[in-house]
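Peer 1: Sharing a structure, written as structure tokens. Questions coming.
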Amino acid sequence: MEYTVSPEEVKRVKGMGFLQDKRYPDVFNARVITRNGKLTAAQHRVIAEACERFGSGEVTMTVRLTLEIQGVKYENIQPLVDFLAEHGLSTGGTGKRVRPVVSCKGTTCQYGLIDTFALSEKMHKRFYEEMRGVALPHKFKIAVGGCPNNCVKPDLNDLGVIGQRIPTVYLEKCRGCKKCRVEAACPIKVAHLDGGKVVIDPAACNHCGRCRNQCPFSAVADYVSGYKVYIGGRWGKKVAQGRALSRIFTTEDEVMAVTEKAIELFRTQGIDGERFADTVARLGFENVERMLIS
């Protein structure tokens with residue numbers, strides 16, 4: 001039997017991660033948090049059982065790497081929450097706060113330059129779980145990408161992290177080979193021979209690391225591993241391209257620190273209803289960058 005759920009109650013359960021199915025007045029879709037999009041086989045079995053017991057028997061995937069249990073009747077909301085909690089799972093991912101962190105599989109991907117699963121897990125715990133009670137002017141999305149392929153679009157999130165590998169060129173070791181392996185390996189054609197020596201324009205290089213150890217004479221063998229951080233990106237009805245902070249961070253702790261500063265800046269200086277991209281534009285990117293990395 002269908003019955004109407006009050007607007008106040010719809011809002012309350014939305015804050016718990018239950019979004020109303022527009023086709024029915026008393027049916028909701030439950031967002032199950034997957035942290036960085038990774039679940040164990042046991043957790044998959046729990047979710048499968050939950051969707052059969054409390055939902056329609058169907059699960060959908062969201063673009064933010066969470067799972068939605070479809071067709072949850074209003075009276076099944078709390079029983080579902082309790083069942084998931086028994087197995088270490090939870091619903092959520094809505095509201096004016098930090099959203100669940102999205103990560104690519106850079107930890108295992110052949111192109112991954114950083115341990116994306118480890119960093120996103122750390123960020124999820126600190127900024128999603130521990131800051132669930134911190135209200136922000138609007139939602140705040142974080143994405144962690146393992147390399148400049150940008151599979152999770154870090155520069156279109158409020159804050160995005162991209163793994164970096166900055167090459168060091170030893171010109172004295174370069175033999176000026178007729179067919180330069182470093183030049184051939186560069187996917188964006190930045191590396192090239194100039195005057196018989198390999199040159200990599202630091203302003204044009206995207207630090208993908210593909211040229212690593214390509215030179216048989218070790219002219220490009222050493223790298224500085226790091227993290228590029230973008231701020232002020234946004235995808236949706238009004239798109240904003242995030243801009244990279246000028247500094248390349250070299251440790252996870254530095255990334256965590258600048259992320260916390262960005263969230264705090266948004267909390268204290270953002271205007272209710274505006275996204276972080278609007279806050280950055282209003283205050284000026286240079287001013288925001290100075291406040292974040294000074």
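Please note that chains go A, B, ... in the order of the structure tokens, that every chain numbers its residues from 1, and that ligands are numbered from 1 in the order shown.
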Where in stretch 144-288 of chain A does DSSP assign strand (DSSP E), given as JSON, numbers by chain?
Peer 2: {"A": [144, 145, 159, 160, 161, 162, 163, 164, 165, 166, 167, 168, 192, 193, 194, 197, 198, 199, 222, 223, 224, 225, 226, 227, 228, 229, 230, 231, 243, 244]}
Peer 1: Let's have the selection written as an mmCIF file, in the first residue's frame, with N, CA and C atoms.
Peer 2:
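Once everything was written out, this is out_31.cif:
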data_model
loop_
_atom_site.group_PDB
_atom_site.id
_atom_site.type_symbol
_atom_site.label_atom_id
_atom_site.label_comp_id
_atom_site.auth_asym_id
_atom_site.auth_seq_id
_atom_site.Cartn_x
_atom_site.Cartn_y
_atom_site.Cartn_z
ATOM 1 N N VAL A 144 40.635 11.344 -6.986
ATOM 2 C CA VAL A 144 42.066 11.000 -6.986
ATOM 3 C C VAL A 144 42.371 10.219 -8.257
ATOM 4 N N GLY A 145 43.229 10.780 -9.093
ATOM 5 C CA GLY A 145 43.625 10.132 -10.338
ATOM 6 C C GLY A 145 45.087 9.716 -10.291
ATOM 7 N N LEU A 159 37.988 19.525 -5.741
ATOM 8 C CA LEU A 159 39.431 19.340 -5.533
ATOM 9 C C LEU A 159 39.821 18.001 -6.157
ATOM 10 N N GLY A 160 40.879 18.026 -6.951
ATOM 11 C CA GLY A 160 41.331 16.805 -7.609
ATOM 12 C C GLY A 160 42.821 16.613 -7.457
ATOM 13 N N VAL A 161 43.230 15.358 -7.372
ATOM 14 C CA VAL A 161 44.639 15.001 -7.224
ATOM 15 C C VAL A 161 45.045 14.135 -8.407
ATOM 16 N N ILE A 162 46.197 14.436 -8.992
ATOM 17 C CA ILE A 162 46.707 13.648 -10.117
ATOM 18 C C ILE A 162 48.149 13.241 -9.825
ATOM 19 N N GLY A 163 48.453 11.958 -9.970
ATOM 20 C CA GLY A 163 49.811 11.479 -9.791
ATOM 21 C C GLY A 163 50.753 12.062 -10.834
ATOM 22 N N GLN A 164 51.971 12.341 -10.419
ATOM 23 C CA GLN A 164 52.960 12.973 -11.293
ATOM 24 C C GLN A 164 54.307 12.251 -11.212
ATOM 25 N N ARG A 165 55.033 12.282 -12.311
ATOM 26 C CA ARG A 165 56.401 11.785 -12.319
ATOM 27 C C ARG A 165 57.211 12.751 -13.179
ATOM 28 N N ILE A 166 57.983 13.609 -12.516
ATOM 29 C CA ILE A 166 58.687 14.703 -13.186
ATOM 30 C C ILE A 166 60.092 14.233 -13.571
ATOM 31 N N PRO A 167 60.392 14.217 -14.875
ATOM 32 C CA PRO A 167 61.675 13.669 -15.323
ATOM 33 C C PRO A 167 62.847 14.621 -15.090
ATOM 34 N N THR A 168 64.002 14.032 -14.857
ATOM 35 C CA THR A 168 65.266 14.775 -14.798
ATOM 36 C C THR A 168 66.104 14.350 -15.994
ATOM 37 N N HIS A 192 61.825 15.848 -27.537
ATOM 38 C CA HIS A 192 62.358 15.882 -28.900
ATOM 39 C C HIS A 192 63.850 16.189 -28.863
ATOM 40 N N LEU A 193 64.526 15.928 -29.983
ATOM 41 C CA LEU A 193 65.946 16.231 -30.092
ATOM 42 C C LEU A 193 66.123 17.661 -30.585
ATOM 43 N N ASP A 194 67.008 18.366 -29.914
ATOM 44 C CA ASP A 194 67.318 19.743 -30.284
ATOM 45 C C ASP A 194 68.830 19.912 -30.201
ATOM 46 N N LYS A 197 70.585 16.806 -28.727
ATOM 47 C CA LYS A 197 70.327 16.436 -27.332
ATOM 48 C C LYS A 197 68.816 16.369 -27.086
ATOM 49 N N VAL A 198 68.414 15.444 -26.211
ATOM 50 C CA VAL A 198 66.998 15.329 -25.913
ATOM 51 C C VAL A 198 66.550 16.481 -25.018
ATOM 52 N N VAL A 199 65.413 17.052 -25.358
ATOM 53 C CA VAL A 199 64.867 18.193 -24.612
ATOM 54 C C VAL A 199 63.424 17.875 -24.238
ATOM 55 N N ASP A 222 65.996 9.340 -13.891
ATOM 56 C CA ASP A 222 65.583 9.794 -12.561
ATOM 57 C C ASP A 222 64.342 10.679 -12.647
ATOM 58 N N TYR A 223 63.495 10.526 -11.642
ATOM 59 C CA TYR A 223 62.244 11.274 -11.594
ATOM 60 C C TYR A 223 61.948 11.705 -10.170
ATOM 61 N N VAL A 224 61.136 12.763 -10.079
ATOM 62 C CA VAL A 224 60.566 13.164 -8.800
ATOM 63 C C VAL A 224 59.091 12.793 -8.835
ATOM 64 N N SER A 225 58.671 11.903 -7.945
ATOM 65 C CA SER A 225 57.264 11.509 -7.887
ATOM 66 C C SER A 225 56.488 12.509 -7.038
ATOM 67 N N GLY A 226 55.269 12.792 -7.441
ATOM 68 C CA GLY A 226 54.502 13.775 -6.682
ATOM 69 C C GLY A 226 53.035 13.778 -7.042
ATOM 70 N N TYR A 227 52.366 14.853 -6.610
ATOM 71 C CA TYR A 227 50.918 14.991 -6.747
ATOM 72 C C TYR A 227 50.609 16.406 -7.217
ATOM 73 N N LYS A 228 49.856 16.510 -8.302
ATOM 74 C CA LYS A 228 49.347 17.811 -8.733
ATOM 75 C C LYS A 228 47.938 17.957 -8.177
ATOM 76 N N VAL A 229 47.643 19.122 -7.605
ATOM 77 C CA VAL A 229 46.328 19.353 -6.987
ATOM 78 C C VAL A 229 45.590 20.442 -7.754
ATOM 79 N N TYR A 230 44.389 20.107 -8.203
ATOM 80 C CA TYR A 230 43.504 21.060 -8.874
ATOM 81 C C TYR A 230 42.433 21.529 -7.889
ATOM 82 N N ILE A 231 42.041 22.773 -8.011
ATOM 83 C CA ILE A 231 40.948 23.297 -7.192
ATOM 84 C C ILE A 231 39.937 24.019 -8.082
ATOM 85 N N ARG A 243 41.778 24.636 -11.765
ATOM 86 C CA ARG A 243 43.146 25.099 -12.044
ATOM 87 C C ARG A 243 44.104 24.444 -11.064
ATOM 88 N N ALA A 244 45.284 24.111 -11.581
ATOM 89 C CA ALA A 244 46.282 23.429 -10.761
ATOM 90 C C ALA A 244 47.036 24.420 -9.897
#
Peer 1: Any chance you could list, as a short mmCIF file (atom, residue, chain, number, x, y, z; two decimals) with C-alpha atoms, in the first residue's frame, the residues in stretch 71-253 of chain A that come up helix (DSSP H, G or I) when DSSP is run on the backbone?
Peer 2:
data_model
loop_
_atom_site.label_atom_id
_atom_site.label_comp_id
_atom_site.auth_asym_id
_atom_site.auth_seq_id
_atom_site.Cartn_x
_atom_site.Cartn_y
_atom_site.Cartn_z
CA TYR A 74 9.84 3.78 3.30
CA GLU A 75 9.14 1.28 6.07
CA ASN A 76 12.25 -0.71 5.06
CA ILE A 77 14.68 2.19 5.35
CA GLN A 78 15.69 1.69 8.97
CA PRO A 79 15.80 -2.14 8.72
CA LEU A 80 18.12 -1.76 5.71
CA VAL A 81 20.35 0.70 7.56
CA ASP A 82 20.57 -1.67 10.53
CA PHE A 83 21.31 -4.69 8.33
CA LEU A 84 24.14 -2.92 6.47
CA ALA A 85 25.60 -1.63 9.74
CA GLU A 86 25.82 -5.18 11.06
CA THR A 116 45.34 5.85 -5.50
CA PHE A 117 43.48 3.32 -3.35
CA ALA A 118 45.58 4.11 -0.28
CA LEU A 119 45.36 7.89 -0.69
CA SER A 120 41.63 7.91 -1.45
CA GLU A 121 40.97 5.62 1.52
CA LYS A 122 42.87 8.03 3.77
CA MET A 123 41.00 11.03 2.34
CA HIS A 124 37.66 9.26 2.65
CA LYS A 125 38.22 8.53 6.33
CA ARG A 126 39.46 12.02 7.17
CA PHE A 127 37.22 14.22 5.04
CA TYR A 128 34.06 12.13 4.56
CA GLU A 129 33.73 10.01 7.67
CA PRO A 154 40.16 15.37 -11.16
CA ASP A 155 40.14 18.84 -12.74
CA LEU A 156 36.33 18.79 -12.87
CA LEU A 171 72.31 16.04 -21.09
CA GLU A 172 75.83 14.74 -20.53
CA LYS A 173 74.52 11.18 -20.86
CA ARG A 181 63.61 6.20 -27.57
CA VAL A 182 62.59 8.96 -25.18
CA GLU A 183 61.14 10.97 -28.04
CA ALA A 184 59.33 7.90 -29.39
CA ALA A 185 57.87 7.05 -25.97
CA GLU A 252 50.54 12.27 0.94
CA ASP A 253 50.69 14.33 4.13
#
Peer 1: Enter the distance from atom CA of A:Ser90 to atom CA of A:Glu68, in Å, rounded to one decimal.
Peer 2: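 Rounded to one decimal, the two atoms are 11.5 Å apart.
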Peer 1: Which of these, A:Val5, A:Ile271, A:Gly196, A:Lys73, has the shortest distance to A:Leu283 once you count only C-alpha atoms?
Peer 2: A:Ile271
Peer 1: List the spatial neighbours of A:Ile263 as a PyMOL selection string - criterion: any atom at most 9 Å away, only C-alpha atoms, same-chain residues fewer than 6 positions off excluded.
Peer 2: chain A and resi 98+127+136+140+276
Peer 1: For the residues in the current selection, export N, CA and C atoms as an mmCIF file, in the first residue's frame.
Peer 2:
data_model
loop_
_atom_site.group_PDB
_atom_site.id
_atom_site.type_symbol
_atom_site.label_atom_id
_atom_site.label_comp_id
_atom_site.auth_asym_id
_atom_site.auth_seq_id
_atom_site.Cartn_x
_atom_site.Cartn_y
_atom_site.Cartn_z
ATOM 1 N N VAL A 98 31.321 17.235 2.462
ATOM 2 C CA VAL A 98 32.239 16.491 1.616
ATOM 3 C C VAL A 98 31.573 15.191 1.188
ATOM 4 N N PHE A 127 38.075 13.125 5.498
ATOM 5 C CA PHE A 127 37.224 14.218 5.043
ATOM 6 C C PHE A 127 35.758 13.829 4.847
ATOM 7 N N LEU A 136 28.843 22.611 4.979
ATOM 8 C CA LEU A 136 29.540 23.476 4.031
ATOM 9 C C LEU A 136 28.522 24.302 3.250
ATOM 10 N N PHE A 140 30.982 19.167 -1.720
ATOM 11 C CA PHE A 140 32.407 19.295 -2.037
ATOM 12 C C PHE A 140 32.892 17.927 -2.500
ATOM 13 N N PHE A 276 32.452 25.539 -4.643
ATOM 14 C CA PHE A 276 33.816 25.993 -4.386
ATOM 15 C C PHE A 276 34.390 26.733 -5.591
#
Peer 1: Fewer than 2 positions away in the same chain doesn't count, so skip those; otherwise give me all residues within 12 Å of A:Ala281, counting only C-alpha atoms, as JSON, numbers by chain.
Peer 2: {"A": [231, 232, 233, 240, 241, 242, 243, 270, 274, 275, 276, 277, 278, 279, 283, 284, 285, 286, 287, 288, 289]}
Peer 1: Counting only C-alpha atoms, what are the residues of stretch 133-171 of chain A within 12 Å of stretch 64-67 of chain A, and for each of them which pair of atoms is the nearest and at what distance in Å, to one decimal? Sort the table by chain and rising number, as JSON lines.
Peer 2:
{"residue": "A:Lys141", "atom": "CA", "partner": "A:Arg64", "partner_atom": "CA", "distance": 9.4}
{"residue": "A:Ile142", "atom": "CA", "partner": "A:Arg64", "partner_atom": "CA", "distance": 10.0}
{"residue": "A:Ala143", "atom": "CA", "partner": "A:Arg64", "partner_atom": "CA", "distance": 9.2}
{"residue": "A:Val144", "atom": "CA", "partner": "A:Arg64", "partner_atom": "CA", "distance": 11.8}
{"residue": "A:Val152", "atom": "CA", "partner": "A:Arg64", "partner_atom": "CA", "distance": 9.2}
{"residue": "A:Lys153", "atom": "CA", "partner": "A:Arg64", "partner_atom": "CA", "distance": 11.2}
{"residue": "A:Asn157", "atom": "CA", "partner": "A:Arg64", "partner_atom": "CA", "distance": 11.1}
Peer 1: Could those residues be written to a file, using N, CA and C atoms, as a JSON list (two decimals), in the first residue's frame?
Peer 2:
[["chain", "number", "residue", "atom", "x", "y", "z"],
["A", 141, "LYS", "N", 33.26, 17.84, -3.79],
["A", 141, "LYS", "CA", 33.64, 16.56, -4.39],
["A", 141, "LYS", "C", 35.16, 16.48, -4.56],
["A", 142, "ILE", "N", 35.69, 15.30, -4.26],
["A", 142, "ILE", "CA", 37.13, 15.04, -4.35],
["A", 142, "ILE", "C", 37.35, 13.83, -5.26],
["A", 143, "ALA", "N", 38.34, 13.92, -6.14],
["A", 143, "ALA", "CA", 38.70, 12.79, -7.01],
["A", 143, "ALA", "C", 40.21, 12.60, -6.98],
["A", 144, "VAL", "N", 40.64, 11.34, -6.99],
["A", 144, "VAL", "CA", 42.07, 11.00, -6.99],
["A", 144, "VAL", "C", 42.37, 10.22, -8.26],
["A", 152, "VAL", "N", 39.24, 9.87, -13.92],
["A", 152, "VAL", "CA", 38.18, 10.27, -13.00],
["A", 152, "VAL", "C", 37.96, 11.79, -13.00],
["A", 153, "LYS", "N", 38.53, 12.46, -14.02],
["A", 153, "LYS", "CA", 38.33, 13.90, -14.20],
["A", 153, "LYS", "C", 38.64, 14.72, -12.94],
["A", 157, "ASN", "N", 36.45, 18.35, -10.50],
["A", 157, "ASN", "CA", 35.95, 18.20, -9.14],
["A", 157, "ASN", "C", 36.31, 19.45, -8.34]]
Peer 1: For a quick check of understanding, using only C-alpha atoms, which of A:Glu260, A:Asp158, A:Glu130, A:Glu58 has the smallest distance to A:Val102?
Peer 2: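 Looking only at the distances to A:Val102, the closest residue turns out to be A:Asp158.
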Peer 1: Could you check which of A:Gln269, A:Thr40, A:Asn29, A:Gln110 is closest to A:Gly57, using only C-alpha atoms?
Peer 2: A:Asn29
Peer 1: Would you list the contacts of stretch 16-28 of chain A as a ChimeraX atom specification, taking every protein, DNA or RNA residue within 6 Å and counting only C-alpha atoms, but skipping same-chain residues closer than 5 positions in sequence?
Peer 2: /A:4,71-74,91-94
